[in-house]
>>> print(open('structure-v5.csv').read())   # CSV, C-alpha atoms
chain,number,residue,atom,x,y,z
F,18,MET,CA,0.0,0.0,0.0
F,19,SER,CA,1.4,3.4,-1.0
F,20,ASP,CA,2.1,6.2,1.4
F,21,ALA,CA,-0.8,8.2,0.1
F,22,ILE,CA,-3.3,5.3,0.7
F,23,ASN,CA,-1.9,4.6,4.2
F,24,LEU,CA,-2.4,8.3,5.0
F,25,LEU,CA,-5.9,8.2,3.5
F,26,ARG,CA,-6.8,5.3,5.8
F,27,GLU,CA,-5.5,7.3,8.8
F,28,LEU,CA,-7.5,10.4,7.8
F,29,ILE,CA,-10.7,8.6,7.3
F,30,SER,CA,-10.4,6.9,10.7
F,31,ILE,CA,-10.4,10.3,12.4
F,32,ASP,CA,-13.9,11.8,13.0
F,33,SER,CA,-13.8,15.4,11.7
F,34,VAL,CA,-17.5,16.1,11.2
F,35,ASN,CA,-18.2,19.8,11.1
F,36,PRO,CA,-19.7,21.0,14.4
F,37,SER,CA,-21.6,23.8,12.6
F,38,LEU,CA,-23.5,21.2,10.7
F,39,VAL,CA,-24.0,18.6,13.5
F,40,ALA,CA,-24.4,19.9,17.1
F,41,GLY,CA,-21.7,18.3,19.3
F,42,ALA,CA,-19.7,16.9,16.5
F,43,ALA,CA,-16.0,16.3,16.9
F,44,GLY,CA,-14.7,19.0,14.6
F,45,GLU,CA,-11.4,19.2,12.9
F,46,GLU,CA,-9.0,19.4,15.9
F,47,ASN,CA,-7.8,15.7,15.9
F,48,LEU,CA,-7.4,15.7,12.2
F,49,ALA,CA,-5.4,18.9,12.3
F,50,LEU,CA,-3.0,17.3,14.8
F,51,ALA,CA,-2.5,14.3,12.5
F,52,VAL,CA,-1.9,16.5,9.5
F,53,ALA,CA,0.5,18.7,11.4
F,54,ALA,CA,2.5,15.6,12.6
F,55,HIS,CA,2.6,14.3,9.0
F,56,MET,CA,3.9,17.6,7.7
F,57,ARG,CA,6.6,17.8,10.4
F,58,TYR,CA,7.7,14.3,9.7
F,59,SER,CA,8.0,15.2,6.0
F,60,GLY,CA,10.3,18.1,6.8
F,61,LEU,CA,7.9,21.0,6.3
F,62,ASP,CA,7.8,24.1,8.6
F,63,VAL,CA,4.3,23.9,10.2
F,64,VAL,CA,2.0,26.7,11.4
F,65,ILE,CA,-1.2,26.0,13.2
F,66,ASP,CA,-3.8,28.7,13.1
F,67,ASP,CA,-6.7,28.7,15.6
F,68,VAL,CA,-9.6,29.8,13.5
F,69,ALA,CA,-12.2,29.1,16.2
F,70,PRO,CA,-12.1,27.1,19.4
F,71,GLY,CA,-11.1,23.5,18.6
F,72,ARG,CA,-10.9,24.3,14.9
F,73,GLN,CA,-7.4,24.8,13.4
F,74,ASN,CA,-6.0,25.5,10.0
F,75,VAL,CA,-2.7,23.7,9.4
F,76,ILE,CA,-0.2,25.2,6.9
F,77,GLY,CA,3.1,23.5,5.9
F,78,VAL,CA,5.8,25.4,4.1
F,79,LEU,CA,8.6,24.0,1.9
F,80,GLU,CA,11.2,26.6,0.9
F,81,GLY,CA,13.4,26.0,-2.1
F,82,ARG,CA,17.1,26.5,-2.2
F,83,SER,CA,16.6,29.4,-4.7
F,84,ALA,CA,13.9,31.9,-5.5
F,85,GLY,CA,11.0,30.9,-7.7
F,86,ARG,CA,7.2,31.0,-8.0
F,87,SER,CA,5.0,29.8,-5.1
F,88,LEU,CA,2.2,27.2,-5.3
F,89,MET,CA,-0.4,26.4,-2.7
F,90,LEU,CA,-2.1,23.0,-2.4
F,91,CYS,CA,-5.3,23.4,-0.3
F,92,GLY,CA,-8.0,21.1,1.0
F,93,HIS,CA,-10.6,21.1,3.7
F,94,SER,CA,-10.4,18.9,6.8
F,95,ASP,CA,-14.1,18.9,7.8
F,96,THR,CA,-16.8,16.4,6.6
F,97,VAL,CA,-20.5,16.4,6.6
F,98,GLY,CA,-22.4,14.2,9.1
F,99,VAL,CA,-22.6,10.4,9.3
F,100,GLU,CA,-26.3,9.7,10.0
F,101,GLY,CA,-27.4,6.4,8.5
F,102,MET,CA,-23.8,5.2,7.9
F,103,ASP,CA,-22.8,1.8,9.3
F,104,SER,CA,-19.0,2.3,9.8
F,105,PRO,CA,-18.2,5.9,8.7
F,106,PHE,CA,-14.7,6.0,10.3
F,107,ASP,CA,-13.7,2.5,9.3
F,108,PRO,CA,-11.8,2.7,6.0
F,109,ILE,CA,-12.7,-0.3,3.8
F,110,GLU,CA,-11.0,-1.1,0.6
F,111,ARG,CA,-13.0,-3.0,-2.0
F,112,ASP,CA,-12.8,-3.3,-5.8
F,113,GLY,CA,-10.2,-0.5,-6.1
F,114,ARG,CA,-12.2,1.9,-3.9
F,115,MET,CA,-11.7,3.2,-0.4
F,116,PHE,CA,-15.0,3.7,1.5
F,117,GLY,CA,-15.6,5.9,4.5
F,118,ARG,CA,-16.9,9.3,5.4
F,119,GLY,CA,-14.8,12.0,3.7
F,120,SER,CA,-13.0,9.4,1.6
F,121,GLY,CA,-13.9,11.4,-1.5
F,122,ASP,CA,-14.9,14.7,-0.1
F,123,MET,CA,-12.2,15.3,0.4
F,124,LYS,CA,-9.7,13.3,2.4
F,125,GLY,CA,-8.5,11.6,-0.8
F,126,GLY,CA,-7.4,14.9,-2.1
F,127,VAL,CA,-5.8,15.9,1.2
F,128,ALA,CA,-3.9,12.6,1.4
F,129,ALA,CA,-2.7,13.2,-2.2
F,130,MET,CA,-1.4,16.7,-1.5
F,131,LEU,CA,0.3,15.7,1.8
F,132,ALA,CA,2.0,12.7,0.1
F,133,ALA,CA,3.1,14.9,-2.8
F,134,ALA,CA,4.7,17.4,-0.4
F,135,ARG,CA,6.5,14.6,1.4
F,136,THR,CA,8.0,13.3,-1.9
F,137,LEU,CA,9.1,16.7,-2.9
F,138,ALA,CA,10.7,17.4,0.4
F,139,ASN,CA,12.5,14.0,0.5
F,140,GLU,CA,13.8,14.5,-3.0
F,141,GLY,CA,15.1,18.0,-2.3
F,142,TRP,CA,13.0,21.0,-3.1
F,143,ASP,CA,15.1,23.1,-5.4
F,144,LYS,CA,13.3,26.3,-6.4
F,145,GLY,CA,10.3,28.3,-5.3
F,146,ARG,CA,7.9,27.9,-2.4
F,147,LEU,CA,5.4,25.1,-1.8
F,148,LEU,CA,2.5,25.7,0.7
F,149,VAL,CA,0.2,23.0,1.9
F,150,ALA,CA,-2.9,24.0,3.7
F,151,ALA,CA,-5.6,22.0,5.4
F,152,VAL,CA,-8.5,24.3,6.3
F,153,VAL,CA,-11.6,24.0,8.4
F,154,ASP,CA,-15.3,24.6,7.7
F,155,GLU,CA,-15.6,24.4,3.9
F,156,GLU,CA,-18.8,22.4,4.3
F,157,TYR,CA,-20.5,25.3,6.1
F,158,MET,CA,-19.2,28.9,5.9
F,159,SER,CA,-15.5,28.4,4.9
F,160,ILE,CA,-14.2,30.3,7.9
F,161,GLY,CA,-10.9,28.4,7.4
F,162,ALA,CA,-10.3,29.6,3.9
F,163,GLU,CA,-11.2,33.1,4.8
F,164,ALA,CA,-8.7,33.0,7.6
F,165,LEU,CA,-6.1,31.5,5.4
F,166,VAL,CA,-6.0,34.2,2.8
F,167,LYS,CA,-5.7,36.9,5.4
F,168,SER,CA,-2.2,35.6,6.3
F,169,TRP,CA,-1.0,33.5,3.3
F,170,SER,CA,-0.7,34.0,-0.4
F,171,ALA,CA,0.8,32.3,-3.5
F,172,ASP,CA,1.3,32.8,-7.2
F,173,ALA,CA,-1.3,30.0,-7.8
F,174,ALA,CA,-3.2,27.3,-6.0
F,175,VAL,CA,-4.7,23.9,-6.5
F,176,ILE,CA,-7.8,22.9,-4.5
F,177,THR,CA,-7.8,19.1,-4.3
F,178,GLU,CA,-11.6,18.6,-4.3
F,179,PRO,CA,-12.8,15.5,-6.2
F,180,THR,CA,-12.9,16.2,-9.9
F,181,GLY,CA,-12.2,12.7,-11.3
F,182,LEU,CA,-8.7,13.9,-12.5
F,183,LYS,CA,-10.3,16.7,-14.6
F,184,VAL,CA,-8.9,20.2,-14.4
F,185,ALA,CA,-11.7,22.4,-13.2
F,186,ILE,CA,-11.3,26.0,-14.2
F,187,GLY,CA,-14.4,27.4,-12.5
F,188,HIS,CA,-17.5,26.7,-10.5
F,189,LYS,CA,-20.9,28.1,-9.8
F,190,GLY,CA,-21.8,30.4,-6.9
F,191,PHE,CA,-25.0,30.2,-4.8
F,192,SER,CA,-27.4,32.4,-3.0
F,193,TRP,CA,-29.7,31.3,-0.1
F,194,ILE,CA,-32.9,33.4,0.2
F,195,GLU,CA,-35.8,33.3,2.6
F,196,ILE,CA,-39.3,34.4,1.6
F,197,VAL,CA,-42.1,35.0,4.1
F,198,THR,CA,-45.7,35.4,3.2
F,199,GLU,CA,-48.0,36.9,5.8
F,200,GLY,CA,-51.6,35.9,6.3
F,201,ARG,CA,-54.2,36.4,9.0
F,202,ALA,CA,-55.2,33.7,11.4
F,203,ALA,CA,-58.9,32.9,11.7
F,204,HIS,CA,-61.2,29.9,12.3
F,205,GLY,CA,-61.4,27.7,9.3
F,206,SER,CA,-65.2,28.3,9.2
F,207,ARG,CA,-64.8,32.1,8.8
F,208,PRO,CA,-63.1,32.7,5.4
F,209,ALA,CA,-64.0,36.4,5.5
F,210,GLU,CA,-61.8,36.9,8.6
F,211,GLY,CA,-58.8,34.8,7.5
F,212,ARG,CA,-56.0,35.2,4.9
F,213,ASP,CA,-54.1,32.1,3.8
F,214,ALA,CA,-50.3,32.6,3.9
F,215,ILE,CA,-49.7,29.2,2.4
F,216,MET,CA,-51.9,29.9,-0.6
F,217,GLY,CA,-50.0,33.2,-0.9
F,218,MET,CA,-46.7,31.2,-1.0
F,219,GLY,CA,-48.2,29.0,-3.7
F,220,ARG,CA,-48.4,32.0,-5.9
F,221,VAL,CA,-44.8,32.7,-5.2
F,222,LEU,CA,-43.9,29.2,-6.1
F,223,GLN,CA,-45.7,29.4,-9.3
F,224,ARG,CA,-43.7,32.5,-10.3
F,225,LEU,CA,-40.5,30.8,-9.2
F,226,GLU,CA,-41.3,27.9,-11.5
F,227,GLU,CA,-41.8,30.3,-14.4
F,228,LEU,CA,-38.4,31.8,-13.5
F,229,THR,CA,-36.8,28.3,-13.5
F,230,ARG,CA,-38.1,27.7,-17.1
F,231,LYS,CA,-36.6,31.1,-18.2
F,232,LEU,CA,-33.2,30.1,-16.7
F,233,LYS,CA,-33.3,26.8,-18.5
F,234,ALA,CA,-34.1,28.6,-21.8
F,235,ARG,CA,-31.0,30.8,-21.6
F,236,ALA,CA,-27.8,30.0,-23.4
F,237,PRO,CA,-25.5,28.2,-20.9
F,238,HIS,CA,-22.3,29.8,-19.7
F,239,PRO,CA,-19.4,28.3,-21.7
F,240,VAL,CA,-17.6,27.0,-18.6
F,241,LEU,CA,-20.2,27.0,-15.8
F,242,GLY,CA,-23.4,25.9,-17.6
F,243,GLN,CA,-26.8,27.2,-16.6
F,244,ALA,CA,-28.0,29.1,-13.6
F,245,SER,CA,-30.8,27.3,-11.6
F,246,LEU,CA,-32.9,27.5,-8.5
F,247,HIS,CA,-34.9,25.2,-6.3
F,248,ALA,CA,-37.2,25.5,-3.4
F,249,SER,CA,-35.4,23.8,-0.5
F,250,ILE,CA,-37.5,24.1,2.8
F,251,ILE,CA,-41.0,25.3,3.4
F,252,ASN,CA,-43.0,25.6,6.6
F,253,GLY,CA,-46.4,27.0,7.5
F,254,GLY,CA,-49.6,26.5,9.3
F,255,ARG,CA,-50.5,25.5,12.9
F,256,GLU,CA,-53.6,23.2,12.6
F,257,LEU,CA,-56.2,22.0,10.2
F,258,SER,CA,-59.0,24.3,11.4
F,259,THR,CA,-57.0,27.6,11.3
F,260,TYR,CA,-56.1,29.9,8.4
F,261,PRO,CA,-52.2,30.0,8.4
F,262,GLU,CA,-50.9,33.4,9.3
F,263,ARG,CA,-47.3,32.8,8.1
F,264,CYS,CA,-45.5,30.7,5.6
F,265,VAL,CA,-41.7,30.5,5.2
F,266,LEU,CA,-39.8,29.3,2.1
F,267,GLN,CA,-36.0,29.0,1.9
F,268,LEU,CA,-34.6,28.5,-1.6
F,269,GLU,CA,-31.2,28.2,-3.3
F,270,ARG,CA,-30.2,29.8,-6.6
F,271,ARG,CA,-27.0,28.6,-8.3
F,272,ASN,CA,-25.3,31.5,-10.0
F,273,VAL,CA,-22.8,31.8,-12.9
F,274,SER,CA,-20.2,34.3,-14.0
F,275,GLY,CA,-21.5,37.3,-15.8
F,276,GLU,CA,-24.7,37.7,-13.7
F,277,LEU,CA,-25.0,40.7,-11.3
F,278,PRO,CA,-23.8,39.9,-7.7
F,279,ASP,CA,-27.4,40.5,-6.4
F,280,VAL,CA,-29.2,38.8,-9.2
F,281,ALA,CA,-31.0,36.2,-7.0
F,282,ILE,CA,-32.5,38.6,-4.4
F,283,CYS,CA,-33.5,41.0,-7.3
F,284,GLU,CA,-35.3,38.3,-9.1
F,285,VAL,CA,-37.3,37.4,-6.0
F,286,GLU,CA,-38.1,41.0,-5.1
F,287,GLU,CA,-39.4,41.5,-8.7
F,288,ILE,CA,-41.7,38.5,-8.2
F,289,LEU,CA,-43.0,39.9,-4.9
F,290,ASP,CA,-43.5,43.4,-6.4
F,291,SER,CA,-45.5,41.9,-9.2
F,292,LEU,CA,-47.8,39.9,-6.8
F,293,ARG,CA,-48.3,43.0,-4.7
F,294,HIS,CA,-49.4,44.9,-7.8
F,295,ASP,CA,-51.9,42.2,-8.6
F,296,ASP,CA,-53.3,41.9,-5.1
F,297,ARG,CA,-53.1,44.7,-2.5
F,298,GLU,CA,-53.7,42.2,0.3
F,299,PHE,CA,-50.7,40.2,-0.7
F,300,VAL,CA,-48.0,40.7,2.0
F,301,ALA,CA,-44.6,39.2,1.7
F,302,SER,CA,-40.9,39.9,2.3
F,303,ALA,CA,-37.6,38.4,1.3
F,304,ARG,CA,-34.0,38.5,2.6
F,305,LEU,CA,-30.7,37.2,1.5
F,306,MET,CA,-29.5,34.7,4.0
F,307,PHE,CA,-26.0,33.9,2.6
F,308,ASP,CA,-24.2,33.9,-0.7
F,309,ARG,CA,-21.0,32.9,-2.4
F,310,ALA,CA,-19.7,34.2,-5.7
F,311,PRO,CA,-19.0,32.0,-8.7
F,312,TYR,CA,-15.3,31.6,-9.8
F,313,GLU,CA,-13.3,31.2,-13.0
F,314,THR,CA,-9.6,30.7,-13.3
F,315,PRO,CA,-8.0,33.6,-15.3
F,316,ALA,CA,-8.1,32.5,-18.9
F,317,GLU,CA,-4.4,33.5,-19.5
F,318,HIS,CA,-3.0,31.6,-16.5
F,319,ASP,CA,-0.6,28.8,-17.2
F,320,LEU,CA,-1.4,26.5,-14.3
F,321,PRO,CA,-4.3,24.6,-16.0
F,322,ARG,CA,-2.1,23.8,-19.0
F,323,ARG,CA,0.8,22.6,-16.8
F,324,LEU,CA,-1.6,20.4,-14.7
F,325,GLU,CA,-3.2,18.9,-17.8
F,326,THR,CA,0.3,18.1,-19.2
F,327,ALA,CA,1.2,16.4,-16.0
F,328,VAL,CA,-1.9,14.2,-15.9
F,329,LYS,CA,-1.5,13.2,-19.5
F,330,HIS,CA,2.2,12.4,-19.0
F,331,LEU,CA,1.0,9.9,-16.3
F,332,GLY,CA,-1.2,8.2,-18.9
F,333,HIS,CA,-4.6,9.5,-17.7
F,334,ASP,CA,-7.3,11.2,-19.7
F,335,THR,CA,-8.2,14.7,-18.6
F,336,CYS,CA,-10.0,17.8,-19.8
F,337,ARG,CA,-10.9,21.3,-18.6
F,338,GLU,CA,-14.4,21.9,-17.3
F,339,GLY,CA,-16.5,23.8,-14.8
F,340,MET,CA,-17.8,22.3,-11.6
F,341,THR,CA,-21.4,22.6,-10.5
F,342,TYR,CA,-20.6,22.7,-6.8
F,343,TRP,CA,-19.0,25.7,-4.9
F,344,THR,CA,-15.5,25.4,-3.5
F,345,ASP,CA,-12.9,27.4,-1.5
F,346,ALA,CA,-11.3,28.3,-4.9
F,347,ALA,CA,-13.6,31.3,-5.0
F,348,ILE,CA,-12.2,32.7,-1.7
F,349,LEU,CA,-8.6,32.1,-2.8
F,350,GLY,CA,-9.3,33.6,-6.2
F,351,GLN,CA,-11.0,36.7,-4.8
F,352,ALA,CA,-7.8,37.2,-2.6
F,353,GLY,CA,-5.7,37.3,-5.8
F,354,ILE,CA,-4.6,33.7,-6.0
F,355,PRO,CA,-5.4,32.1,-9.4
F,356,THR,CA,-6.8,28.7,-8.5
F,357,VAL,CA,-7.8,25.5,-10.2
F,358,VAL,CA,-9.7,22.6,-8.7
F,359,PHE,CA,-8.2,19.1,-9.3
F,360,GLY,CA,-8.5,15.9,-7.4
F,361,PRO,CA,-9.4,12.2,-7.5
F,362,GLY,CA,-12.7,10.8,-8.4
F,363,GLY,CA,-15.3,8.9,-6.4
F,364,GLU,CA,-19.0,8.8,-5.6
F,365,GLY,CA,-21.4,9.2,-2.7
F,366,PHE,CA,-20.2,12.5,-1.4
F,367,HIS,CA,-22.6,13.6,1.4
F,368,ALA,CA,-24.4,10.2,0.9
F,369,ARG,CA,-24.6,7.1,3.1
F,370,GLU,CA,-22.0,5.2,1.1
F,371,GLU,CA,-19.0,7.3,0.0
F,372,PHE,CA,-15.9,6.2,-1.7
F,373,VAL,CA,-12.8,7.4,-3.6
F,374,PHE,CA,-10.9,5.6,-6.4
F,375,ILE,CA,-7.6,4.4,-5.0
F,376,ASP,CA,-5.7,4.8,-8.2
F,377,HIS,CA,-7.0,8.3,-8.6
F,378,VAL,CA,-5.6,9.3,-5.2
F,379,GLU,CA,-2.2,8.0,-6.3
F,380,ALA,CA,-2.5,9.7,-9.8
F,381,CYS,CA,-3.5,13.0,-8.1
F,382,ARG,CA,-0.4,12.8,-5.9
F,383,ASP,CA,1.9,12.1,-8.9
F,384,ALA,CA,0.3,14.9,-10.9
F,385,LEU,CA,0.8,17.4,-8.1
F,386,ILE,CA,4.4,16.4,-7.8
F,387,LEU,CA,5.1,17.0,-11.5
F,388,THR,CA,3.0,20.2,-11.6
F,389,ALA,CA,4.7,21.7,-8.5
F,390,ARG,CA,8.2,21.1,-9.9
F,391,ASP,CA,7.1,22.5,-13.3
F,392,PHE,CA,5.2,25.6,-12.0
F,393,CYS,CA,7.6,26.7,-9.3
F,394,GLY,CA,10.8,26.0,-11.3
F,395,ASN,CA,9.7,28.2,-14.2
>>> encode(input="structure-v5.csv", output="structure tokens")
Amino acid sequence: MSDAINLLRELISIDSVNPSLVAGAAGEENLALAVAAHMRYSGLDVVIDDVAPGRQNVIGVLEGRSAGRSLMLCGHSDTVGVEGMDSPFDPIERDGRMFGRGSGDMKGGVAAMLAAARTLANEGWDKGRLLVAAVVDEEYMSIGAEALVKSWSADAAVITEPTGLKVAIGHKGFSWIEIVTEGRAAHGSRPAEGRDAIMGMGRVLQRLEELTRKLKARAPHPVLGQASLHASIINGGRELSTYPERCVLQLERRNVSGELPDVAICEVEEILDSLRHDDREFVASARLMFDRAPYETPAEHDLPRRLETAVKHLGHDTCREGMTYWTDAAILGQAGIPTVVFGPGGEGFHAREEFVFIDHVEACRDALILTARDFCGN
């Protein structure tokens, strides 16, 4: 078993469920300690940054013997919850796959970048600067990546999220919006006194469905594809014999480059304004809960080409594409670090059965080694 796969087994066995997602969860502290120990054993200079109580970023630095460009390898140390999983922290190898919570998202990528750094350190790092960062909280609000870019920078970065060895040069953003329709509570036998907030939300949902059809009809973004939205959570009403006085809908819109930063809330406000115009008794409000911008790697940057060359040199197929999911690449990119997303493949991320392809982890390690040498040495 290779060093990368042994390390992957160790990382999977450590519970690092994000405590912001699951109350009372272990968090990233024990994983941070293991990552820091591995970095020190590899000969990297290690910095541990307390982002929040019990939640540490770990940054390893490998300085070359001469000046050159700097490259950051970055991955997140947290995972989603494990409800419904039989043995989430027991790494199981079967049919060329490694199973366990976080195996694909994204301890496979973290193991690959740590193993790559160890190889580079052992062979003698000649030119430039290599930074390896394991950050907290990507699965919730990315406080780890936000803390990282306040103190650290590089000429470019690779986020080792699972891409199936494809070179991702962008990803969508998202907006979370809450809509509240207001009614008037009354006994179900007295319709003249009541106003149905759920019926009101039904009209909102109808307009949102019309908006979804319009988004699907637009020409897709050449890298990121089409914008989209879906209704995620809805609550309303108290009992069968009472007109509901309030209904709350939370929705998510996936955004692409070229759209206005506030496009999602503006679309919702336009819908509510139109419904108010049609019915003076219609009462509703909307607020933006949280959002993250989409990201594209600068078109002229050389990192995607160098990474593609490395993957193909190893005998693997690859291509450039955009990812549907959001990553910390947007935070690094907004801080002035051109970033690509590249990592092993797998399935079942956030699901009850999660795995990563073992050969992809090793190929990711080897591609990162070749790319780091090539990028920092030129």
>>> residues_around(input="structure-v5.csv", residues="Glu313 (chain F)", least_positions_apart="2", cutoff="10 Å", atoms="all atoms listed in the file", output="count of residues only")
19
>>> atom_distance(input="structure-v5.csv", atom1="CA of Ile348 (chain F)", atom2="CA of Ala151 (chain F)")
14.4 Å
>>> residues_around(input="structure-v5.csv", residues="Lys167 (chain F)", least_positions_apart="5", cutoff="10 Å", atoms="only C-alpha atoms", output="PyMOL selection string")
chain F and resi 162+349+352
>>> write_last_selection(input="structure-v5.csv", atoms="C-alpha atoms", output="PDB file, keeping the file's coordinate frame")
ATOM      1  CA  ALA F 162     -10.300  29.600   3.900  1.00  0.00           C
ATOM      2  CA  LEU F 349      -8.600  32.100  -2.800  1.00  0.00           C
ATOM      3  CA  ALA F 352      -7.800  37.200  -2.600  1.00  0.00           C
TER       4      ALA F 352
END
>>> closest_residue(input="structure-v5.csv", among="F:Val221, F:Ile194, F:Leu25, F:Leu88", to="Val175 (chain F)", atoms="only C-alpha atoms")
F:Leu88
>>> residues_around(input="structure-v5.csv", residues="Val373 (chain F)", least_positions_apart="5", cutoff="6 Å", atoms="all atoms listed in the file", output="number ranges by chain")
F: 114-115, 120-121, 362-363
>>> residues_around(input="structure-v5.csv", residues="Pro361 (chain F)", least_positions_apart="3", cutoff="7 Å", atoms="only C-alpha atoms", output="list in words")
Gly125, Gly126, Pro179, Thr180, Gly181, Leu182, Phe374, His377, Val378 and Cys381 of chain F
>>> closest_residue(input="structure-v5.csv", among="F:Pro105, F:Gly242, F:Gly161, F:Phe366", to="Ile76 (chain F)", atoms="only C-alpha atoms")
F:Gly161
>>> atom_distance(input="structure-v5.csv", atom1="CA of Arg369 (chain F)", atom2="CA of Ile29 (chain F)")
14.6 Å
>>> residues_around(input="structure-v5.csv", residues="Val68 (chain F)", least_positions_apart="5", cutoff="8 Å", atoms="all atoms listed in the file", output="ChimeraX atom specification")
/F:73-74,153,160-161,164
>>> closest_residue(input="structure-v5.csv", among="F:Asp383, F:Asp143, F:Asp95, F:Glu178", to="Lys329 (chain F)", atoms="only C-alpha atoms")
F:Asp383
>>> closest_residue(input="structure-v5.csv", among="F:Glu80, F:Asp319, F:Glu199, F:Glu163", to="Leu148 (chain F)", atoms="only C-alpha atoms")
F:Glu80
>>> atom_distance(input="structure-v5.csv", atom1="CA of Gly190 (chain F)", atom2="CA of Pro237 (chain F)")
14.6 Å
>>> build_atoms(input="structure-v5.csv", residues="region 221-234 of chain F", atoms="N, CA and C atoms", output="JSON list (two decimals), in the frame of the given file")
[["chain", "number", "residue", "atom", "x", "y", "z"],
["F", 221, "VAL", "N", -46.24, 32.49, -5.09],
["F", 221, "VAL", "CA", -44.80, 32.70, -5.20],
["F", 221, "VAL", "C", -44.12, 31.57, -5.90],
["F", 222, "LEU", "N", -44.46, 30.36, -5.47],
["F", 222, "LEU", "CA", -43.90, 29.20, -6.10],
["F", 222, "LEU", "C", -44.16, 29.05, -7.54],
["F", 223, "GLN", "N", -45.37, 29.45, -7.93],
["F", 223, "GLN", "CA", -45.70, 29.40, -9.30],
["F", 223, "GLN", "C", -44.82, 30.34, -10.16],
["F", 224, "ARG", "N", -44.56, 31.54, -9.63],
["F", 224, "ARG", "CA", -43.70, 32.50, -10.30],
["F", 224, "ARG", "C", -42.23, 31.99, -10.33],
["F", 225, "LEU", "N", -41.83, 31.34, -9.26],
["F", 225, "LEU", "CA", -40.50, 30.80, -9.20],
["F", 225, "LEU", "C", -40.31, 29.68, -10.25],
["F", 226, "GLU", "N", -41.37, 28.91, -10.44],
["F", 226, "GLU", "CA", -41.30, 27.90, -11.50],
["F", 226, "GLU", "C", -41.20, 28.48, -12.85],
["F", 227, "GLU", "N", -41.90, 29.58, -13.08],
["F", 227, "GLU", "CA", -41.80, 30.30, -14.40],
["F", 227, "GLU", "C", -40.35, 30.81, -14.55],
["F", 228, "LEU", "N", -39.76, 31.33, -13.47],
["F", 228, "LEU", "CA", -38.40, 31.80, -13.50],
["F", 228, "LEU", "C", -37.43, 30.65, -13.86],
["F", 229, "THR", "N", -37.67, 29.49, -13.27],
["F", 229, "THR", "CA", -36.80, 28.30, -13.50],
["F", 229, "THR", "C", -36.84, 27.98, -15.03],
["F", 230, "ARG", "N", -38.01, 28.04, -15.64],
["F", 230, "ARG", "CA", -38.10, 27.70, -17.10],
["F", 230, "ARG", "C", -37.32, 28.77, -17.89],
["F", 231, "LYS", "N", -37.35, 30.03, -17.46],
["F", 231, "LYS", "CA", -36.60, 31.10, -18.20],
["F", 231, "LYS", "C", -35.09, 30.83, -18.05],
["F", 232, "LEU", "N", -34.63, 30.43, -16.87],
["F", 232, "LEU", "CA", -33.20, 30.10, -16.70],
["F", 232, "LEU", "C", -32.77, 28.99, -17.55],
["F", 233, "LYS", "N", -33.62, 27.95, -17.66],
["F", 233, "LYS", "CA", -33.30, 26.80, -18.50],
["F", 233, "LYS", "C", -33.23, 27.16, -19.97],
["F", 234, "ALA", "N", -33.99, 28.17, -20.36],
["F", 234, "ALA", "CA", -34.10, 28.60, -21.80],
["F", 234, "ALA", "C", -32.87, 29.42, -22.20]]
